[in-house]
>>> print(open('coords-v3.cif').read())   # mmCIF, C-alpha atoms and all ligand atoms
data_work
#
loop_
_atom_site.label_atom_id
_atom_site.label_comp_id
_atom_site.auth_asym_id
_atom_site.auth_seq_id
_atom_site.Cartn_x
_atom_site.Cartn_y
_atom_site.Cartn_z
CA MET F 1 36.27 -31.36 13.16
CA SER F 2 39.98 -30.96 12.53
CA GLU F 3 41.37 -27.55 11.64
CA LEU F 4 42.08 -26.65 8.00
CA ALA F 5 45.66 -27.44 6.98
CA ILE F 6 46.09 -23.91 5.59
CA LEU F 7 45.38 -22.60 9.10
CA GLY F 8 47.77 -25.00 10.80
CA GLY F 9 45.66 -28.18 11.03
CA GLN F 10 46.35 -31.73 9.84
CA LYS F 11 46.55 -32.32 6.06
CA THR F 12 43.82 -34.55 4.61
CA ARG F 13 46.33 -36.37 2.41
CA GLU F 14 49.97 -36.84 3.31
CA ALA F 15 50.90 -39.11 0.36
CA GLU F 16 51.86 -37.31 -2.86
CA TYR F 17 49.74 -37.87 -5.95
CA PRO F 18 51.72 -39.45 -8.82
CA VAL F 19 53.73 -37.28 -11.21
CA TRP F 20 53.14 -36.83 -14.92
CA PRO F 21 54.38 -37.81 -17.46
CA VAL F 22 54.86 -41.49 -16.74
CA TYR F 23 57.46 -43.61 -18.50
CA ASP F 24 58.95 -47.10 -18.49
CA GLU F 25 61.57 -49.13 -20.38
CA ARG F 26 59.51 -48.87 -23.57
CA ASP F 27 60.17 -45.12 -23.78
CA ILE F 28 63.87 -45.62 -23.24
CA ALA F 29 63.95 -48.37 -25.88
CA ALA F 30 62.01 -46.21 -28.36
CA VAL F 31 64.34 -43.23 -27.98
CA THR F 32 67.38 -45.49 -28.15
CA ARG F 33 66.04 -47.05 -31.35
CA VAL F 34 65.80 -43.61 -32.97
CA ILE F 35 69.21 -42.53 -31.75
CA GLN F 36 70.78 -45.68 -33.15
CA SER F 37 68.96 -45.28 -36.48
CA GLY F 38 70.64 -41.94 -37.12
CA GLN F 39 67.26 -40.56 -38.33
CA TRP F 40 66.74 -38.03 -35.57
CA GLY F 41 65.06 -35.17 -37.37
CA GLY F 42 61.65 -34.66 -38.94
CA TYR F 43 63.01 -34.32 -42.48
CA PRO F 44 62.11 -35.87 -44.84
CA TYR F 45 58.53 -35.52 -43.68
CA PRO F 46 56.99 -37.81 -42.55
CA GLY F 47 59.72 -39.95 -40.98
CA LYS F 48 59.12 -43.58 -40.03
CA GLU F 49 58.10 -42.90 -36.41
CA THR F 50 56.01 -39.90 -37.46
CA LYS F 51 54.18 -41.92 -40.11
CA ARG F 52 53.48 -44.70 -37.62
CA PHE F 53 52.09 -42.26 -35.06
CA ILE F 54 49.87 -40.56 -37.63
CA ASP F 55 48.32 -43.92 -38.52
CA GLU F 56 47.88 -44.95 -34.89
CA PHE F 57 46.41 -41.62 -33.78
CA LEU F 58 43.88 -41.65 -36.63
CA LYS F 59 42.90 -45.19 -35.62
CA LEU F 60 42.33 -44.04 -32.04
CA GLN F 61 40.63 -40.71 -32.71
CA GLY F 62 39.06 -41.32 -36.12
CA GLY F 63 39.51 -39.13 -39.17
CA ASN F 64 41.33 -39.95 -42.38
CA PHE F 65 44.15 -37.43 -42.67
CA GLY F 66 46.58 -36.14 -40.09
CA VAL F 67 49.76 -34.08 -39.79
CA LEU F 68 52.13 -34.25 -36.82
CA MET F 69 53.86 -31.00 -35.89
CA MET F 70 55.58 -29.00 -33.17
CA ASN F 71 52.75 -28.06 -30.82
CA GLY F 72 49.05 -27.50 -30.38
CA THR F 73 49.20 -23.77 -31.14
CA ILE F 74 50.91 -24.03 -34.53
CA THR F 75 48.29 -26.66 -35.42
CA MET F 76 45.55 -24.02 -35.28
CA GLU F 77 47.57 -21.42 -37.17
CA VAL F 78 48.39 -24.01 -39.85
CA ALA F 79 44.72 -25.06 -40.08
CA LEU F 80 43.65 -21.45 -40.62
CA ARG F 81 46.31 -20.90 -43.25
CA ALA F 82 45.51 -24.20 -45.00
CA ALA F 83 41.88 -23.03 -45.19
CA GLY F 84 42.96 -19.70 -46.68
CA ILE F 85 42.01 -17.65 -43.62
CA GLY F 86 44.22 -14.71 -42.80
CA TRP F 87 44.57 -10.98 -42.89
CA GLY F 88 41.51 -9.13 -41.57
CA ASP F 89 39.32 -12.24 -41.28
CA GLU F 90 37.47 -12.77 -38.01
CA VAL F 91 37.70 -16.00 -36.06
CA LEU F 92 35.39 -16.76 -33.13
CA VAL F 93 37.07 -18.16 -30.02
CA PRO F 94 35.64 -18.78 -26.54
CA ALA F 95 36.44 -16.51 -23.61
CA TYR F 96 37.38 -19.44 -21.38
CA THR F 97 40.50 -21.09 -22.81
CA PHE F 98 44.27 -20.97 -22.88
CA GLN F 99 45.46 -17.90 -24.77
CA ALA F 100 46.86 -20.01 -27.64
CA THR F 101 43.32 -20.38 -29.00
CA ALA F 102 43.27 -16.63 -29.61
CA THR F 103 46.92 -16.04 -30.47
CA ALA F 104 46.89 -18.68 -33.25
CA PRO F 105 44.44 -16.63 -35.38
CA MET F 106 46.54 -13.53 -34.67
CA ALA F 107 49.66 -15.33 -35.90
CA ALA F 108 47.77 -16.17 -39.10
CA GLY F 109 46.89 -12.47 -39.48
CA ALA F 110 43.26 -12.89 -38.42
CA ILE F 111 41.32 -11.23 -35.61
CA PRO F 112 40.13 -13.33 -32.67
CA VAL F 113 36.60 -12.37 -31.63
CA ILE F 114 35.89 -13.53 -28.11
CA VAL F 115 32.50 -15.05 -27.31
CA ASP F 116 30.92 -16.21 -24.07
CA VAL F 117 30.66 -19.78 -22.81
CA ASP F 118 27.83 -22.10 -21.81
CA PRO F 119 27.68 -22.43 -17.99
CA ASN F 120 26.93 -26.15 -18.24
CA THR F 121 30.14 -27.01 -20.07
CA TYR F 122 32.25 -23.85 -19.88
CA CYS F 123 32.76 -24.36 -23.63
CA MET F 124 31.78 -21.89 -26.35
CA SER F 125 28.09 -21.03 -26.41
CA ALA F 126 26.71 -21.47 -29.93
CA THR F 127 24.13 -18.76 -29.21
CA ALA F 128 26.85 -16.29 -28.21
CA ALA F 129 28.86 -17.34 -31.28
CA GLU F 130 25.93 -16.66 -33.60
CA ALA F 131 25.47 -13.19 -32.12
CA ALA F 132 29.14 -12.40 -32.87
CA ILE F 133 29.03 -13.33 -36.57
CA THR F 134 29.67 -10.50 -39.03
CA ASP F 135 30.33 -10.47 -42.77
CA LYS F 136 34.04 -10.89 -41.99
CA THR F 137 33.66 -14.04 -39.86
CA ARG F 138 35.40 -16.97 -41.53
CA ALA F 139 36.03 -19.55 -38.81
CA ILE F 140 35.04 -20.82 -35.37
CA ILE F 141 37.43 -22.44 -32.90
CA PRO F 142 35.40 -24.24 -30.23
CA VAL F 143 37.53 -25.55 -27.36
CA HIS F 144 36.70 -28.83 -25.65
CA LEU F 145 37.69 -27.67 -22.17
CA GLY F 146 38.90 -29.85 -19.31
CA ALA F 147 36.67 -32.89 -19.70
CA GLN F 148 33.79 -31.27 -21.57
CA MET F 149 32.92 -30.89 -25.22
CA ALA F 150 31.37 -27.89 -26.93
CA ASP F 151 27.92 -28.54 -28.43
CA MET F 152 29.20 -29.72 -31.79
CA ASP F 153 25.69 -30.17 -33.24
CA ALA F 154 24.90 -26.49 -32.69
CA ILE F 155 28.34 -25.31 -33.80
CA MET F 156 28.32 -27.33 -37.02
CA ALA F 157 24.77 -26.10 -37.79
CA LEU F 158 25.99 -22.53 -37.34
CA ALA F 159 29.03 -23.18 -39.52
CA ASP F 160 26.86 -24.68 -42.28
CA LYS F 161 24.46 -21.76 -42.15
CA HIS F 162 27.21 -19.13 -42.38
CA ASN F 163 29.73 -21.09 -44.44
CA LEU F 164 32.42 -21.08 -41.74
CA ILE F 165 35.44 -23.30 -41.18
CA VAL F 166 35.44 -25.13 -37.82
CA ILE F 167 38.71 -25.94 -36.08
CA GLU F 168 38.12 -27.96 -32.90
CA ASP F 169 40.72 -27.14 -30.25
CA CYS F 170 41.14 -30.61 -28.74
CA ALA F 171 44.24 -29.83 -26.66
CA HIS F 172 42.34 -31.37 -23.71
CA ALA F 173 40.28 -33.95 -25.59
CA HIS F 174 42.39 -36.90 -26.75
CA GLY F 175 40.05 -39.89 -26.91
CA ALA F 176 36.83 -37.87 -26.37
CA LYS F 177 33.80 -38.66 -28.54
CA TRP F 178 30.62 -36.84 -29.50
CA ARG F 179 27.80 -39.17 -30.64
CA GLY F 180 30.50 -41.81 -31.08
CA ARG F 181 32.65 -39.58 -33.33
CA GLY F 182 36.11 -38.59 -32.19
CA ALA F 183 36.67 -35.02 -31.06
CA GLY F 184 38.52 -33.25 -33.85
CA THR F 185 36.85 -35.26 -36.62
CA ILE F 186 33.57 -33.32 -36.68
CA GLY F 187 34.85 -29.93 -37.78
CA HIS F 188 37.08 -29.30 -40.79
CA PHE F 189 40.14 -29.61 -38.54
CA GLY F 190 40.94 -31.03 -35.10
CA SER F 191 43.92 -29.62 -33.22
CA PHE F 192 45.64 -31.61 -30.45
CA SER F 193 48.49 -30.67 -28.10
CA MET F 194 51.10 -33.15 -26.91
CA GLN F 195 52.82 -30.68 -24.57
CA SER F 196 54.08 -32.01 -21.20
CA SER F 197 50.90 -31.59 -19.17
CA LYS F 198 48.64 -33.17 -21.80
CA ILE F 199 47.21 -36.69 -21.44
CA MET F 200 49.23 -37.94 -24.43
CA THR F 201 52.61 -36.30 -24.47
CA ALA F 202 56.13 -36.25 -25.88
CA GLY F 203 57.07 -33.13 -23.93
CA GLU F 204 56.06 -31.06 -26.97
CA GLY F 205 54.02 -31.93 -30.05
CA GLY F 206 50.83 -31.17 -31.93
CA PHE F 207 48.55 -33.16 -34.18
CA LEU F 208 46.18 -31.78 -36.78
CA ILE F 209 43.32 -33.91 -38.09
CA CYS F 210 42.22 -32.63 -41.50
CA GLN F 211 38.87 -33.41 -43.06
CA THR F 212 40.19 -33.56 -46.63
CA GLN F 213 43.32 -34.81 -48.34
CA GLU F 214 43.86 -31.38 -49.83
CA TYR F 215 43.86 -29.68 -46.41
CA ALA F 216 46.32 -32.32 -45.20
CA TYR F 217 48.67 -31.74 -48.15
CA LYS F 218 48.56 -28.00 -47.52
CA ALA F 219 49.11 -28.39 -43.77
CA ALA F 220 52.02 -30.79 -44.32
CA SER F 221 53.57 -28.40 -46.82
CA ILE F 222 53.22 -25.44 -44.41
CA ILE F 223 55.05 -27.32 -41.64
CA ASP F 224 57.76 -28.63 -43.99
CA CYS F 225 59.17 -25.29 -45.18
CA GLY F 226 56.65 -25.11 -48.03
CA ARG F 227 57.80 -28.27 -49.80
CA PRO F 228 54.98 -29.91 -51.75
CA GLN F 229 53.59 -33.05 -50.12
CA ASP F 230 51.09 -34.11 -52.77
CA PRO F 231 52.20 -36.75 -55.29
CA ASP F 232 52.08 -34.30 -58.23
CA GLY F 233 54.11 -31.69 -56.36
CA GLU F 234 51.62 -28.97 -57.13
CA ILE F 235 50.68 -27.76 -53.65
CA VAL F 236 53.40 -25.32 -52.68
CA THR F 237 52.88 -23.04 -49.68
CA MET F 238 54.72 -20.35 -47.79
CA GLY F 239 55.86 -22.68 -45.07
CA ALA F 240 58.31 -22.82 -42.22
CA ASN F 241 59.93 -25.61 -40.26
CA TYR F 242 57.31 -26.75 -37.74
CA ARG F 243 58.23 -30.45 -37.87
CA VAL F 244 58.75 -32.60 -34.77
CA SER F 245 61.78 -34.80 -34.40
CA GLU F 246 61.60 -38.56 -34.73
CA LEU F 247 62.58 -38.76 -31.05
CA GLN F 248 59.32 -37.08 -30.09
CA ALA F 249 57.30 -39.22 -32.49
CA ALA F 250 58.88 -42.35 -30.98
CA LEU F 251 57.79 -41.24 -27.48
CA LEU F 252 54.28 -40.64 -28.80
CA ASN F 253 54.22 -44.15 -30.23
CA VAL F 254 54.68 -45.48 -26.71
CA ALA F 255 52.29 -42.94 -25.13
CA ILE F 256 49.50 -44.06 -27.45
CA GLU F 257 49.99 -47.70 -26.43
CA ARG F 258 49.37 -46.75 -22.81
CA PHE F 259 46.52 -44.40 -23.57
CA PRO F 260 43.44 -46.72 -23.73
CA ALA F 261 44.01 -48.19 -20.25
CA GLN F 262 44.71 -44.73 -18.78
CA ALA F 263 41.61 -43.25 -20.44
CA LYS F 264 39.43 -46.09 -19.13
CA GLN F 265 40.65 -45.60 -15.58
CA ARG F 266 40.13 -41.83 -15.73
CA GLU F 267 36.60 -42.27 -17.04
CA GLU F 268 35.69 -44.75 -14.28
CA MET F 269 37.16 -42.56 -11.57
CA ALA F 270 35.45 -39.47 -12.96
CA ALA F 271 32.06 -41.20 -12.76
CA TYR F 272 32.87 -42.05 -9.13
CA MET F 273 33.95 -38.43 -8.56
CA ASP F 274 30.68 -37.09 -10.08
CA GLU F 275 28.66 -39.03 -7.49
CA ALA F 276 30.83 -38.16 -4.52
CA LEU F 277 31.13 -34.45 -5.34
CA SER F 278 27.41 -33.96 -5.78
CA GLU F 279 27.03 -34.65 -2.03
CA VAL F 280 29.18 -31.63 -1.08
CA PRO F 281 27.02 -28.55 -0.37
CA GLY F 282 27.69 -25.64 -2.68
CA VAL F 283 29.26 -27.81 -5.40
CA ARG F 284 27.80 -27.98 -8.91
CA VAL F 285 28.98 -30.99 -10.91
CA LEU F 286 28.91 -29.96 -14.57
CA PRO F 287 26.06 -31.96 -16.13
CA ARG F 288 26.95 -34.68 -18.58
CA ASP F 289 25.48 -34.17 -22.06
CA GLU F 290 24.34 -37.58 -23.30
CA ARG F 291 25.66 -36.77 -26.80
CA HIS F 292 29.15 -36.61 -25.26
CA THR F 293 29.53 -40.37 -25.47
CA THR F 294 33.15 -40.75 -24.32
CA ARG F 295 34.70 -38.30 -21.88
CA SER F 296 38.43 -37.80 -21.59
CA PHE F 297 39.98 -36.06 -18.62
CA TYR F 298 42.76 -33.55 -19.03
CA ARG F 299 41.42 -31.92 -15.86
CA TYR F 300 38.18 -32.44 -13.95
CA ILE F 301 36.35 -29.11 -13.71
CA PHE F 302 33.45 -28.42 -11.35
CA ALA F 303 31.78 -25.24 -10.11
CA VAL F 304 31.13 -23.89 -6.66
CA ASN F 305 28.34 -21.61 -5.59
CA PRO F 306 30.38 -19.18 -3.47
CA GLU F 307 27.39 -18.17 -1.30
CA GLU F 308 26.50 -21.73 -0.37
CA PHE F 309 30.06 -23.02 -0.18
CA GLY F 310 31.24 -20.11 1.90
CA ALA F 311 34.09 -18.96 -0.37
CA GLU F 312 35.17 -18.35 -3.94
CA HIS F 313 37.42 -20.64 -5.93
CA GLU F 314 40.71 -18.87 -5.17
CA VAL F 315 40.29 -19.43 -1.43
CA ILE F 316 39.07 -23.00 -1.97
CA CYS F 317 42.03 -23.91 -4.21
CA ALA F 318 44.53 -22.44 -1.75
CA ALA F 319 42.96 -24.48 1.05
CA LEU F 320 42.83 -27.64 -1.10
CA HIS F 321 46.51 -27.31 -1.97
CA MET F 322 47.43 -27.24 1.68
CA GLU F 323 45.24 -30.31 2.28
CA GLY F 324 47.49 -32.11 -0.22
CA ILE F 325 45.09 -31.95 -3.19
CA PRO F 326 46.47 -30.74 -6.56
CA CYS F 327 44.05 -28.30 -8.14
CA TRP F 328 43.81 -24.94 -9.86
CA GLU F 329 41.28 -22.16 -10.29
CA GLY F 330 41.71 -22.27 -14.09
CA TYR F 331 42.38 -19.67 -16.76
CA GLU F 332 41.70 -15.99 -16.51
CA ALA F 333 38.80 -14.77 -18.66
CA MET F 334 40.16 -13.84 -22.08
CA GLN F 335 38.59 -10.38 -21.93
CA ASN F 336 40.81 -9.60 -18.94
CA TYR F 337 44.14 -10.56 -20.54
CA GLU F 338 46.46 -7.57 -20.68
CA LEU F 339 47.87 -9.03 -23.86
CA PHE F 340 44.77 -8.15 -25.86
CA GLN F 341 43.97 -4.71 -24.50
CA PRO F 342 45.21 -1.79 -26.57
CA HIS F 343 45.92 0.47 -23.60
CA LEU F 344 47.85 -2.24 -21.72
CA SER F 345 49.33 -4.43 -24.43
CA LYS F 346 52.79 -3.95 -25.85
CA LEU F 347 51.76 -5.92 -28.93
CA ALA F 348 51.36 -4.13 -32.23
CA VAL F 349 48.24 -6.05 -33.22
CA PRO F 350 45.79 -4.81 -30.55
CA SER F 351 46.82 -1.20 -31.06
CA ALA F 352 46.30 -1.55 -34.80
CA PHE F 353 42.77 -2.86 -34.27
CA PRO F 354 41.44 -0.96 -31.24
CA GLU F 355 37.87 -1.53 -32.37
CA TYR F 356 38.32 -5.27 -31.91
CA PHE F 357 40.37 -5.39 -28.75
CA LYS F 358 38.01 -3.64 -26.37
CA PHE F 359 37.80 -6.75 -24.27
CA ASP F 360 37.61 -4.85 -21.01
CA GLU F 361 34.35 -3.33 -22.27
CA MET F 362 32.90 -6.68 -23.28
CA ASN F 363 30.00 -8.30 -21.55
CA LEU F 364 30.86 -11.98 -21.12
CA PRO F 365 29.12 -12.83 -17.85
CA GLU F 366 29.39 -16.62 -17.94
CA ALA F 367 33.13 -16.63 -18.58
CA GLU F 368 33.56 -13.94 -15.94
CA ARG F 369 31.63 -16.00 -13.38
CA ALA F 370 33.57 -19.19 -14.15
CA CYS F 371 37.00 -17.59 -14.29
CA GLU F 372 36.69 -15.11 -11.46
CA HIS F 373 34.53 -16.96 -8.96
CA GLU F 374 33.37 -20.52 -9.42
CA ALA F 375 35.47 -22.98 -11.43
CA VAL F 376 37.78 -25.47 -9.71
CA TRP F 377 40.06 -27.74 -11.75
CA PHE F 378 41.11 -31.00 -10.12
CA ASP F 379 44.36 -32.43 -11.37
CA GLU F 380 44.24 -35.62 -13.41
CA SER F 381 46.71 -37.35 -11.04
CA ILE F 382 43.85 -37.66 -8.54
CA PHE F 383 42.25 -40.24 -10.84
CA ARG F 384 45.47 -42.20 -11.32
CA THR F 385 45.50 -42.96 -7.62
CA GLY F 386 42.15 -44.77 -7.86
CA LYS F 387 39.23 -44.46 -5.43
CA ASP F 388 41.55 -43.63 -2.57
CA GLY F 389 42.80 -40.54 -4.41
CA VAL F 390 39.27 -39.42 -5.26
CA ASP F 391 38.02 -40.04 -1.71
CA ASP F 392 40.77 -37.83 -0.28
CA ALA F 393 40.05 -35.02 -2.74
CA VAL F 394 36.33 -35.08 -1.91
CA ALA F 395 36.97 -35.38 1.84
CA ALA F 396 39.29 -32.36 1.70
CA LEU F 397 36.68 -30.33 -0.18
CA ALA F 398 33.92 -31.31 2.27
CA LYS F 399 36.16 -30.39 5.19
CA ILE F 400 36.88 -26.98 3.67
CA GLN F 401 33.20 -26.37 2.96
CA ALA F 402 32.18 -27.31 6.51
CA HIS F 403 34.69 -24.81 7.92
CA LEU F 404 34.25 -21.93 5.53
CA SER F 405 30.46 -21.95 5.46
CA THR F 406 30.41 -21.36 9.21
CA ASP F 407 33.54 -19.28 9.77
CA ALA F 408 33.84 -16.05 7.82
CA GLY F 409 36.98 -15.21 9.82
CA ALA F 410 38.75 -18.22 8.28
CA VAL F 411 37.96 -16.90 4.77
CA THR F 412 39.43 -13.50 5.67
CA GLU F 413 42.55 -15.14 7.08
CA ILE F 414 43.04 -17.33 3.97
CA LYS F 415 42.65 -14.28 1.72
CA ARG F 416 45.31 -12.53 3.77
CA LEU F 417 47.63 -15.54 3.37
CA ILE F 418 47.04 -15.58 -0.40
CA ALA F 419 47.81 -11.85 -0.67
CA GLU F 420 50.98 -12.34 1.38
CA HIS F 421 52.03 -15.27 -0.79
CA ASN F 422 51.34 -13.32 -4.01
CA SER F 423 53.31 -10.30 -2.90
CA SER F 424 56.27 -12.52 -1.95
CA GLN F 425 56.24 -13.85 -5.55
CA HIS F 426 56.73 -10.41 -7.11
C1 LIG T 501 43.03 -25.21 -24.79
C2 LIG T 501 44.43 -25.19 -25.29
N1 LIG T 501 44.67 -24.87 -26.57
C3 LIG T 501 45.91 -24.83 -27.09
C4 LIG T 501 47.00 -25.14 -26.32
C5 LIG T 501 48.35 -25.01 -26.93
O1 LIG T 501 49.04 -26.19 -26.98
P1 LIG T 501 50.66 -26.16 -27.03
O2 LIG T 501 51.14 -25.84 -25.65
O3 LIG T 501 51.01 -27.54 -27.46
O4 LIG T 501 51.05 -25.13 -28.01
C6 LIG T 501 46.81 -25.50 -24.97
C7 LIG T 501 47.89 -25.88 -24.05
O5 LIG T 501 48.94 -25.69 -23.86
C8 LIG T 501 45.51 -25.52 -24.44
O6 LIG T 501 45.29 -25.84 -23.16
#
>>> encode(input="coords-v3.cif", output="structure tokens")
Amino acid sequence: MSELAILGGQKTREAEYPVWPVYDERDIAAVTRVIQSGQWGGYPYPGKETKRFIDEFLKLQGGNFGVLMMNGTITMEVALRAAGIGWGDEVLVPAYTFQATATAPMAAGAIPVIVDVDPNTYCMSATAAEAAITDKTRAIIPVHLGAQMADMDAIMALADKHNLIVIEDCAHAHGAKWRGRGAGTIGHFGSFSMQSSKIMTAGEGGFLICQTQEYAYKAASIIDCGRPQDPDGEIVTMGANYRVSELQAALLNVAIERFPAQAKQREEMAAYMDEALSEVPGVRVLPRDERHTTRSFYRYIFAVNPEEFGAEHEVICAALHMEGIPCWEGYEAMQNYELFQPHLSKLAVPSAFPEYFKFDEMNLPEAERACEHEAVWFDESIFRTGKDGVDDAVAALAKIQAHLSTDAGAVTEIKRLIAEHNSSQH
């Protein structure tokens, strides 16, 4: 058995995985077209490219009303404000997500209340969400994480029971479907990010699917400096300029043409990955919920059992990197973010609401387990390389497992290398 690359052995994969985003002459032609038109900006809203993208995205994802804007954080803030949620209201968000899911409610004046996740999907647990509901709770933001979807049946039932607004954070879920319905079209709003790493991107961008025309008019007004967008000019909001430029919309119009073939390939390769990974001892492939009818793959997340595998995810990811496999151990658990802790944060909001921001005292065991010990995120580029790319990723993981499960000294040495690397970064 060859030595691990991190300890001086041969790399499993020498060839680089392909970079993201991809582009071709169509992108250059689209941007050139906008430059030559002289209509570069997002005003008047919606411009020609923006309008075209809204129509195309709704055709792909479903839903009747959509607003294109700057990013996938503002989308959630705008959704909350369009639904009249703000100062002092509580909004449930999962503990395992990018911090934008929690900072968007804060920007709208609301309080994010962090709830635990379901170990099968790493998405918000509806049971944990129900336990966190108070008389101030007004909204839920489930996040469809990586390649999973939150249990939308349970979340919508909870929302109906308690009269809550649901904003699906679909930053990772372009093209995903639940019982044949597009992610983002089940709740009152669906929020998408088109930032550089996302599977449909213009570098920056955000899309908000709105369940009603009225929400869409309000959202469009909020992003267009408060100008009314309804035909009678009656819906006036306190807005700001959150529009995207026509250059970005033009890039999105090309990205969406490429999307179906890319999504199909990712789905096929992920099914192949599911099979191959389940053979590696100590690996838990996240089970596929049959109601999640179409999966999309921002990242492919799986779990390790540290005892059986021989190491925790930080060590495994460091070793995978050196084998030539792009991966990540995922987000920190929200309850551990300094940002939200009154005694650590420099933000005014946590210190004004110390009763809410006691995240370090919270008991969120599933998020803790995923974020601190067991989740591994494979990069999407692995799928774009086809079976060869997947085979190398699985072979590297199996090689690491075979070494680490029998050699505790190797784990200690890798931890030392990680600590050395981290201290050299500071
Ligand atoms: C789960 C999640 N929500 C929201 C966002 C925010 O999107 P943006 O970067 O477009 O603001 C991101 C990513 O960046 C994300 O991963």
>>> residues_around(input="coords-v3.cif", residues="region 16-30 of chain F", least_positions_apart="2", cutoff="7 Å", atoms="only C-alpha atoms", output="list in words")
Glu14, Thr32, Arg33, Val34, Ser196, Ala250, Leu251, Val254, Ser381, Ile382 and Thr385 of chain F
>>> residues_near_ligand(input="coords-v3.cif", ligand="ligand LIG 501 (chain T)", cutoff="6 Å", atoms="only C-alpha atoms and all ligand atoms", output="list in words")
Asn71, Gly72, Thr73, Thr97, Phe98, Ala100, Thr101, Asp169, Ala171, Ser193, Met194, Gln195, Gly205 and Gly206 of chain F
>>> closest_residue(input="coords-v3.cif", among="F:Lys399, F:Arg384, F:Lys59, F:His421", to="Ile199 (chain F)", atoms="only C-alpha atoms")
F:Arg384
>>> closest_residue(input="coords-v3.cif", among="F:Phe65, F:Ile418, F:Gly84, F:Lys387", to="Gln265 (chain F)", atoms="only C-alpha atoms")
F:Lys387
>>> closest_residue(input="coords-v3.cif", among="F:Ile54, F:Ile167, F:Leu320, F:Met149", to="Arg179 (chain F)", atoms="only C-alpha atoms")
F:Met149
>>> atom_distance(input="coords-v3.cif", atom1="CA of Pro365 (chain F)", atom2="CA of Ala108 (chain F)")
28.5 Å
>>> residues_around(input="coords-v3.cif", residues="region 213-230 of chain F", least_positions_apart="5", cutoff="7 Å", atoms="all atoms listed in the file", output="VMD selection string")
chain F and resid 45 65 to 67 69 78 to 79 82 235 to 243
>>> closest_residue(input="coords-v3.cif", among="F:Leu68, F:Ala107, F:Val117, F:Met200", to="Asn363 (chain F)", atoms="only C-alpha atoms")
F:Val117
>>> atom_distance(input="coords-v3.cif", atom1="CA of Glu366 (chain F)", atom2="CA of Arg284 (chain F)")
14.6 Å
>>> closest_residue(input="coords-v3.cif", among="F:Ala83, F:Met334, F:Val143, F:Met70", to="Val113 (chain F)", atoms="all atoms listed in the file")
F:Met334
>>> decode(input="coords-v3.cif", residues="region 207-244 of chain F", atoms="C-alpha atoms", output="mmCIF file, in the first residue's frame")
data_model
loop_
_atom_site.group_PDB
_atom_site.id
_atom_site.type_symbol
_atom_site.label_atom_id
_atom_site.label_comp_id
_atom_site.auth_asym_id
_atom_site.auth_seq_id
_atom_site.Cartn_x
_atom_site.Cartn_y
_atom_site.Cartn_z
ATOM 1 C CA PHE F 207 -32.989 35.354 -7.506
ATOM 2 C CA LEU F 208 -36.130 35.463 -5.401
ATOM 3 C CA ILE F 209 -39.130 33.337 -6.338
ATOM 4 C CA CYS F 210 -42.288 34.824 -4.824
ATOM 5 C CA GLN F 211 -45.497 32.899 -4.323
ATOM 6 C CA THR F 212 -47.779 35.869 -5.053
ATOM 7 C CA GLN F 213 -47.776 38.799 -7.428
ATOM 8 C CA GLU F 214 -48.064 41.161 -4.497
ATOM 9 C CA TYR F 215 -44.918 39.791 -2.835
ATOM 10 C CA ALA F 216 -43.117 40.130 -6.172
ATOM 11 C CA TYR F 217 -44.206 43.762 -6.601
ATOM 12 C CA LYS F 218 -43.026 44.539 -3.079
ATOM 13 C CA ALA F 219 -39.707 42.723 -3.544
ATOM 14 C CA ALA F 220 -39.080 44.466 -6.878
ATOM 15 C CA SER F 221 -39.874 47.824 -5.306
ATOM 16 C CA ILE F 222 -37.500 47.172 -2.373
ATOM 17 C CA ILE F 223 -34.603 46.399 -4.734
ATOM 18 C CA ASP F 224 -35.364 49.346 -7.028
ATOM 19 C CA CYS F 225 -34.963 52.179 -4.494
ATOM 20 C CA GLY F 226 -38.616 51.919 -3.458
ATOM 21 C CA ARG F 227 -40.073 52.758 -6.860
ATOM 22 C CA PRO F 228 -43.493 51.184 -7.368
ATOM 23 C CA GLN F 229 -43.481 48.188 -9.716
ATOM 24 C CA ASP F 230 -47.199 47.435 -9.818
ATOM 25 C CA PRO F 231 -49.202 48.834 -12.743
ATOM 26 C CA ASP F 232 -51.225 51.185 -10.504
ATOM 27 C CA GLY F 233 -48.104 52.528 -8.810
ATOM 28 C CA GLU F 234 -49.538 51.945 -5.369
ATOM 29 C CA ILE F 235 -46.925 49.667 -3.807
ATOM 30 C CA VAL F 236 -44.218 51.989 -2.548
ATOM 31 C CA THR F 237 -41.574 50.646 -0.157
ATOM 32 C CA MET F 238 -38.524 51.864 1.688
ATOM 33 C CA GLY F 239 -36.119 50.446 -0.829
ATOM 34 C CA ALA F 240 -32.489 50.662 -1.811
ATOM 35 C CA ASN F 241 -30.556 49.882 -4.954
ATOM 36 C CA TYR F 242 -30.070 46.107 -4.961
ATOM 37 C CA ARG F 243 -30.402 45.680 -8.735
ATOM 38 C CA VAL F 244 -27.981 43.637 -10.838
#
